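Below is one structure; the comments refer to it alone.
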Amino acid sequence: MINFTVGPVQMDAETRRLGAEQVPYFRTPEFSAVMLENEKLLCQLFDAPDNSRVIFMTGSGTASMEGGVMNFFTQEDKVLVVNGGSFGHRFVELCQIHQIPFTEIHLEYGMPLTSEILNEYDNKGYTGMILQHCETSTGILYDMQLVSNFCKKNHCFLFVDAISGFLADKLSMKEMHINAVITGSQKALSLPPSMSFTVLDAEAQRRCAKNEVKSLYFNYAEYLKNGERGQTPFTPAVGTLLQLNDKLKRIVQEGGIHHANNAMKERAEYFRNKIKHLPFKIFTPENATSNCVTALAPIHDGVSAYRIFEILKDEYNIWICPNGGDLAEKVFRVGHIGHITKQEIDTLIAAFEDLQKRKLI
Ligand SMILES: *Cc1c(COP(=O)(O)O)cnc(C)c1O
């Protein structure tokens, strides 16, 4: 199978080789050293301010979304949540569950957050803002400069879900005044699913220290304390952390975040140029589309996006990424993260052309 989903994505040979090895015992100085290096490298790649720290959470991306909502905010806050797709909606649910006072900015799915929309919330006493960097369900890339200016002016704590956007699109904690940001192991880092990582600036750490979280597993103050010596409170996905260490070092050696962003951009553009003659419309505006994924809507009546996913899977050995909910029949996605070659993209294009010949799209 060729995997064009947005996670788990295709892993490279070195990550897979490491995955075949024994998982070592981890309460050792040797493993602590690896963890401290992981923390340093993640801070570097997120362009984090000095004294930033990382929470290594064993749990998928959603665990760190929930942990962040629980640890960074309290009932004293008044938070803006951008809901422009299924991942934005998840933050709405999390604020409801954890009783964090919030206002939802509900966007038409696939549409950008504009200054006209955001200006309505200016000077209204908001203390925090939560949004995706890339909303993976639609491929929209939010204007982080706009968000950053708003948060700076309104003294809002900015919590960003860059689970899919990290490595794919430009992101700098320093430049964008981001207080806390998440990524996940099975997205652009191309590791097995199992872990998510949150980088916290000094203010985020201060909020964790003050907050009395009603949870044992999600108590970030404990993670920060254990992290000082390169450890986690509970057994982490040790194997994934060793694969992470190898991967982060290779990303830095290959030219760091700019190189990674450019490689992903080139791959996304290669794909988008090759589908121009096909009966699909890109679901997001051109200037607000992430390098991580392209969401496509079939233009001909009666063509089901979900059916295209099924046919490619069953007859062509290719996974594209179906959408859920209201978009299931209308939109499918092609991911650009993970270890994908141009040749594999050409194979996907040929499969689409074959579907066209068979009058299925
Ligand atoms: C994948 C993803 C998540 C979380 O997914 P998990 O399945 O919990 O790993 C959250 N936000 C975004 C933007 C994502 O792409």
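Every chain in the structure tokens has a letter given in the order shown (A, B, ...), and although residue numbers restart at 1 in each chain, ligands are simply numbered from 1 in the order shown.
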Ligand 1 neighbours within 9 Å using only C-alpha atoms and all ligand atoms, as a ChimeraX atom specification: /A:6-8,59-65,86-88,90,131-137,161-165,182-187,193-196
Applying 9 Å and only C-alpha atoms, which residues near Ala351 of chain A remain after dropping the ones on its own chain fewer than 6 positions away? List them as a ChimeraX atom specification. /A:312,316,318
Could you write out, as a ChimeraX atom specification, all the residues of segment 122-221 of chain A that DSSP marks as strand (DSSP E or B)? /A:128-132,134-135,140-141,157-161,180-184,195-200
Can I get the selection written as a CSV table (one decimal), in the first residue's frame, with N, CA and C atoms?
chain,number,residue,atom,x,y,z
A,128,GLY,N,-7.4,34.1,26.7
A,128,GLY,CA,-6.7,33.0,26.0
A,128,GLY,C,-7.3,32.8,24.6
A,129,MET,N,-6.5,32.1,23.8
A,129,MET,CA,-7.0,31.8,22.5
A,129,MET,C,-6.4,30.4,22.1
A,130,ILE,N,-7.3,29.6,21.5
A,130,ILE,CA,-6.8,28.2,21.1
A,130,ILE,C,-7.2,28.0,19.7
A,131,LEU,N,-6.3,27.5,18.9
A,131,LEU,CA,-6.6,27.2,17.5
A,131,LEU,C,-5.6,26.2,16.9
A,132,GLN,N,-5.9,25.7,15.8
A,132,GLN,CA,-5.0,24.9,15.0
A,132,GLN,C,-4.0,25.8,14.3
A,134,CYS,N,-2.5,24.3,11.3
A,134,CYS,CA,-3.2,23.7,10.1
A,134,CYS,C,-4.4,22.9,10.6
A,135,GLU,N,-5.6,23.3,10.2
A,135,GLU,CA,-6.8,22.5,10.5
A,135,GLU,C,-6.8,21.3,9.5
A,140,ILE,N,-6.9,23.9,5.8
A,140,ILE,CA,-6.7,25.4,5.9
A,140,ILE,C,-5.5,25.7,6.8
A,141,LEU,N,-4.7,26.7,6.4
A,141,LEU,CA,-3.6,27.1,7.2
A,141,LEU,C,-4.0,28.5,7.8
A,157,PHE,N,-3.3,34.4,26.2
A,157,PHE,CA,-2.4,33.3,26.2
A,157,PHE,C,-2.7,32.5,25.0
A,158,LEU,N,-1.7,32.2,24.1
A,158,LEU,CA,-1.9,31.6,22.8
A,158,LEU,C,-1.4,30.1,22.9
A,159,PHE,N,-2.4,29.2,22.7
A,159,PHE,CA,-2.2,27.8,22.7
A,159,PHE,C,-2.5,27.3,21.3
A,160,VAL,N,-1.5,26.7,20.6
A,160,VAL,CA,-1.6,26.3,19.2
A,160,VAL,C,-1.5,24.8,19.1
A,161,ASP,N,-2.4,24.2,18.3
A,161,ASP,CA,-2.3,22.8,17.9
A,161,ASP,C,-1.6,22.8,16.6
A,180,ALA,N,2.2,28.1,24.0
A,180,ALA,CA,2.3,26.6,24.1
A,180,ALA,C,1.9,26.0,22.8
A,181,VAL,N,2.6,25.0,22.3
A,181,VAL,CA,2.3,24.4,21.0
A,181,VAL,C,2.5,22.9,21.0
A,182,ILE,N,1.6,22.2,20.3
A,182,ILE,CA,1.7,20.7,20.3
A,182,ILE,C,2.1,20.2,19.0
A,183,THR,N,2.8,19.1,18.9
A,183,THR,CA,2.8,18.2,17.7
A,183,THR,C,2.7,16.8,18.2
A,184,GLY,N,2.5,15.9,17.2
A,184,GLY,CA,2.3,14.5,17.5
A,184,GLY,C,3.3,13.6,16.7
A,195,MET,N,2.8,9.1,20.9
A,195,MET,CA,3.1,10.2,21.7
A,195,MET,C,2.8,11.5,21.1
A,196,SER,N,2.7,12.6,22.0
A,196,SER,CA,2.5,13.9,21.5
A,196,SER,C,3.4,14.8,22.4
A,197,PHE,N,3.8,15.9,21.9
A,197,PHE,CA,4.8,16.8,22.5
A,197,PHE,C,4.3,18.2,22.6
A,198,THR,N,4.4,18.8,23.8
A,198,THR,CA,4.0,20.2,23.9
A,198,THR,C,5.2,21.0,24.3
A,199,VAL,N,5.5,22.1,23.6
A,199,VAL,CA,6.5,23.0,24.0
A,199,VAL,C,5.9,24.2,24.8
A,200,LEU,N,6.4,24.5,26.0
A,200,LEU,CA,5.8,25.5,26.9
A,200,LEU,C,6.8,26.6,27.1
Here atom CA of Ile345 of chain A and atom CA of Pro322 of chain A stand apart by 17.3 Å
Applying 7 Å and only C-alpha atoms, which residues near segment 42-45 of chain A remain after dropping the ones on its own chain fewer than 6 positions away? List them as a ChimeraX atom specification. /A:52,199,256-257
I want to know what sits within 12 Å of Thr235 of chain A, based on only C-alpha atoms, with residues of the same chain fewer than 4 positions away left out; could you give that as a compact mmCIF listing (two decimals) with N, CA, C and O atoms, in the first residue's frame?
# COMPACT_ATOMS: atom_id res chain seq x y z
N VAL A 23 13.17 -2.69 23.25
CA VAL A 23 12.93 -1.44 23.96
C VAL A 23 13.69 -1.49 25.28
O VAL A 23 13.48 -2.40 26.08
N PRO A 24 14.59 -0.54 25.53
CA PRO A 24 15.41 -0.61 26.74
C PRO A 24 14.68 -0.15 28.01
O PRO A 24 13.66 0.53 27.93
N TYR A 25 15.23 -0.50 29.15
CA TYR A 25 14.80 0.07 30.43
C TYR A 25 15.14 1.56 30.40
O TYR A 25 16.14 1.96 29.81
N PHE A 26 14.30 2.38 31.04
CA PHE A 26 14.43 3.83 30.80
C PHE A 26 14.80 4.68 32.02
O PHE A 26 15.11 5.86 31.88
N ARG A 27 14.77 4.11 33.24
CA ARG A 27 15.16 4.93 34.41
C ARG A 27 16.68 4.89 34.55
O ARG A 27 17.21 4.32 35.52
N PHE A 56 6.44 15.56 27.43
CA PHE A 56 6.43 14.35 26.61
C PHE A 56 5.26 13.49 27.08
O PHE A 56 5.33 12.85 28.13
N MET A 57 4.18 13.52 26.31
CA MET A 57 2.95 12.86 26.72
C MET A 57 2.79 11.55 25.95
O MET A 57 2.82 11.55 24.72
N THR A 58 2.66 10.45 26.69
CA THR A 58 2.33 9.20 26.02
C THR A 58 0.83 9.16 25.87
O THR A 58 0.08 9.08 26.84
N GLY A 59 0.41 9.26 24.64
CA GLY A 59 -1.00 9.45 24.30
C GLY A 59 -0.99 10.17 22.96
O GLY A 59 -0.04 10.92 22.68
N MET A 195 2.75 9.09 20.86
CA MET A 195 3.15 10.21 21.71
C MET A 195 2.80 11.55 21.09
O MET A 195 2.64 11.68 19.88
N TYR A 217 -2.68 11.60 35.74
CA TYR A 217 -1.89 11.37 34.54
C TYR A 217 -1.60 12.67 33.78
O TYR A 217 -0.59 12.78 33.10
N TYR A 223 5.13 16.48 35.26
CA TYR A 223 5.97 16.22 34.07
C TYR A 223 7.15 17.19 34.03
O TYR A 223 8.27 16.82 33.69
N ASN A 226 9.73 16.09 36.76
CA ASN A 226 10.49 14.91 36.32
C ASN A 226 11.38 15.22 35.13
O ASN A 226 12.46 14.65 34.98
N GLN A 231 13.32 12.79 32.73
CA GLN A 231 12.44 11.65 32.95
C GLN A 231 10.97 12.08 32.84
O GLN A 231 10.66 13.26 32.77
N GLY A 239 10.29 3.37 22.95
CA GLY A 239 10.77 3.13 21.59
C GLY A 239 10.55 4.34 20.69
O GLY A 239 11.44 4.72 19.91
N THR A 240 9.39 4.96 20.82
CA THR A 240 9.09 6.14 20.00
C THR A 240 10.06 7.27 20.34
O THR A 240 10.49 8.01 19.46
N LEU A 241 10.40 7.40 21.62
CA LEU A 241 11.30 8.49 22.03
C LEU A 241 12.70 8.30 21.48
O LEU A 241 13.39 9.27 21.17
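Atom CA of Phe46 of chain A is found 25.0 Å from atom CA of Ala13 of chain A.
Atom CA of Asn83 of chain A to atom CA of His106 of chain A spans 4.9 Å [interatomic distance, one decimal].
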Mind running segment 103-211 of chain A against segment 334-337 of chain A at 8 Å and telling me each contacting residue's nearest atom pair with the distance in Å (one decimal), counting only C-alpha atoms, chain and number ascending, as CSV?
residue,atom,partner,partner_atom,distance
A:Ala168,CA,A:Ile337,CA,7.3
A:Lys187,CA,A:Ile337,CA,6.7
A:Ala188,CA,A:Ile337,CA,5.0
A:Ser190,CA,A:Ile337,CA,7.6
As an mmCIF file with C-alpha atoms, in the first residue's frame, please: all residues of segment 205-264 of chain A that backbone DSSP puts in helix (DSSP H, G or I).
data_model
loop_
_atom_site.group_PDB
_atom_site.id
_atom_site.type_symbol
_atom_site.label_atom_id
_atom_site.label_comp_id
_atom_site.auth_asym_id
_atom_site.auth_seq_id
_atom_site.Cartn_x
_atom_site.Cartn_y
_atom_site.Cartn_z
ATOM 1 C CA GLN A 205 5.000 26.751 32.826
ATOM 2 C CA ARG A 206 3.845 29.360 35.315
ATOM 3 C CA ARG A 207 0.207 28.542 34.546
ATOM 4 C CA CYS A 208 0.880 24.809 35.059
ATOM 5 C CA ALA A 209 2.562 25.449 38.414
ATOM 6 C CA LYS A 210 -0.364 27.556 39.669
ATOM 7 C CA TYR A 220 1.864 18.863 33.861
ATOM 8 C CA ALA A 221 3.597 20.213 36.971
ATOM 9 C CA GLU A 222 4.729 16.626 37.640
ATOM 10 C CA TYR A 223 5.966 16.215 34.073
ATOM 11 C CA LEU A 224 7.938 19.456 34.354
ATOM 12 C CA LYS A 225 9.493 18.363 37.635
ATOM 13 C CA ASN A 226 10.488 14.913 36.320
ATOM 14 C CA GLY A 227 11.649 16.466 33.073
ATOM 15 C CA VAL A 238 10.293 4.494 25.095
ATOM 16 C CA GLY A 239 10.765 3.125 21.587
ATOM 17 C CA THR A 240 9.094 6.140 20.000
ATOM 18 C CA LEU A 241 11.295 8.495 22.030
ATOM 19 C CA LEU A 242 14.431 6.794 20.707
ATOM 20 C CA GLN A 243 13.079 7.058 17.156
ATOM 21 C CA LEU A 244 12.274 10.710 17.866
ATOM 22 C CA ASN A 245 15.848 11.369 18.939
ATOM 23 C CA ASP A 246 17.239 9.907 15.723
ATOM 24 C CA LYS A 247 14.675 11.765 13.604
ATOM 25 C CA LEU A 248 15.202 15.166 15.239
ATOM 26 C CA LYS A 249 18.963 14.907 14.801
ATOM 27 C CA ARG A 250 18.534 14.051 11.136
ATOM 28 C CA ILE A 251 16.100 16.975 10.595
ATOM 29 C CA VAL A 252 18.664 19.354 12.072
ATOM 30 C CA GLN A 253 21.527 17.841 10.048
ATOM 31 C CA GLY A 256 16.555 22.315 10.091
ATOM 32 C CA ILE A 257 13.077 23.737 9.998
ATOM 33 C CA HIS A 258 13.460 25.850 6.848
ATOM 34 C CA HIS A 259 14.690 22.899 4.889
ATOM 35 C CA ALA A 260 11.824 20.757 6.194
ATOM 36 C CA ASN A 261 9.228 23.444 5.368
ATOM 37 C CA ASN A 262 10.641 23.883 1.863
ATOM 38 C CA ALA A 263 10.756 20.165 1.124
ATOM 39 C CA MET A 264 7.102 19.822 2.162
#
Counting only C-alpha atoms, figure out which residue out of A:Met111, A:Leu360, A:Met11, A:Val147 gets nearest to Thr284 of chain A. A:Met111
From A:Gln96, A:Ile311, A:Lys174, A:Gly110, residue lying nearest Arg358 of chain A [only C-alpha atoms]: A:Ile311
Which of these residues is nearest to Glu93 of chain A, using only C-alpha atoms: A:Glu329, A:Asp77, A:Asp314, A:Glu66? A:Glu66
Within 9 Å of Thr114 of chain A, counting only C-alpha atoms, which residues qualify if same-chain residues fewer than 6 places away don't, as a PyMOL selection string? chain A and resi 142-143+146
Using all heavy atoms, can you write the selected residues to a file as a PDB file, in the first residue's frame?
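again29.pdb, written as the output of this step:
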ATOM      1  N   TYR A 142      -4.080  28.649   9.079  1.00  0.00           N
ATOM      2  CA  TYR A 142      -4.510  29.935   9.638  1.00  0.00           C
ATOM      3  C   TYR A 142      -3.398  30.964   9.568  1.00  0.00           C
ATOM      4  O   TYR A 142      -2.214  30.616   9.600  1.00  0.00           O
ATOM      5  CB  TYR A 142      -4.992  29.756  11.083  1.00  0.00           C
ATOM      6  CG  TYR A 142      -6.273  28.974  11.189  1.00  0.00           C
ATOM      7  CD1 TYR A 142      -6.362  27.829  11.973  1.00  0.00           C
ATOM      8  CD2 TYR A 142      -7.412  29.383  10.492  1.00  0.00           C
ATOM      9  CE1 TYR A 142      -7.548  27.104  12.059  1.00  0.00           C
ATOM     10  CE2 TYR A 142      -8.600  28.662  10.574  1.00  0.00           C
ATOM     11  CZ  TYR A 142      -8.660  27.529  11.358  1.00  0.00           C
ATOM     12  OH  TYR A 142      -9.825  26.822  11.448  1.00  0.00           O
ATOM     13  N   ASP A 143      -3.811  32.214   9.496  1.00  0.00           N
ATOM     14  CA  ASP A 143      -2.873  33.335   9.434  1.00  0.00           C
ATOM     15  C   ASP A 143      -2.342  33.588  10.845  1.00  0.00           C
ATOM     16  O   ASP A 143      -2.962  34.303  11.648  1.00  0.00           O
ATOM     17  CB  ASP A 143      -3.614  34.565   8.879  1.00  0.00           C
ATOM     18  CG  ASP A 143      -2.705  35.775   8.757  1.00  0.00           C
ATOM     19  OD1 ASP A 143      -1.599  35.762   9.336  1.00  0.00           O
ATOM     20  OD2 ASP A 143      -3.121  36.737   8.098  1.00  0.00           O
ATOM     21  N   LEU A 146      -1.731  37.248  12.061  1.00  0.00           N
ATOM     22  CA  LEU A 146      -2.972  37.911  12.470  1.00  0.00           C
ATOM     23  C   LEU A 146      -3.344  37.513  13.903  1.00  0.00           C
ATOM     24  O   LEU A 146      -3.641  38.360  14.757  1.00  0.00           O
ATOM     25  CB  LEU A 146      -4.099  37.498  11.497  1.00  0.00           C
ATOM     26  CG  LEU A 146      -5.514  37.929  11.827  1.00  0.00           C
ATOM     27  CD1 LEU A 146      -5.690  39.395  11.474  1.00  0.00           C
ATOM     28  CD2 LEU A 146      -6.527  37.077  11.049  1.00  0.00           C
TER      29      LEU A 146
END
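Considering only C-alpha atoms, the residue among A:Thr28, A:Asn317, A:Asn123, A:Asn71 positioned nearest to Asn154 of chain A is A:Asn123.
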Find the residues around His277 of chain A up to 12 Å (only C-alpha atoms counted), leave out those fewer than 4 positions away in its own chain, and share them as a ChimeraX atom specification. /A:271-273,281,299,349,352-353,356
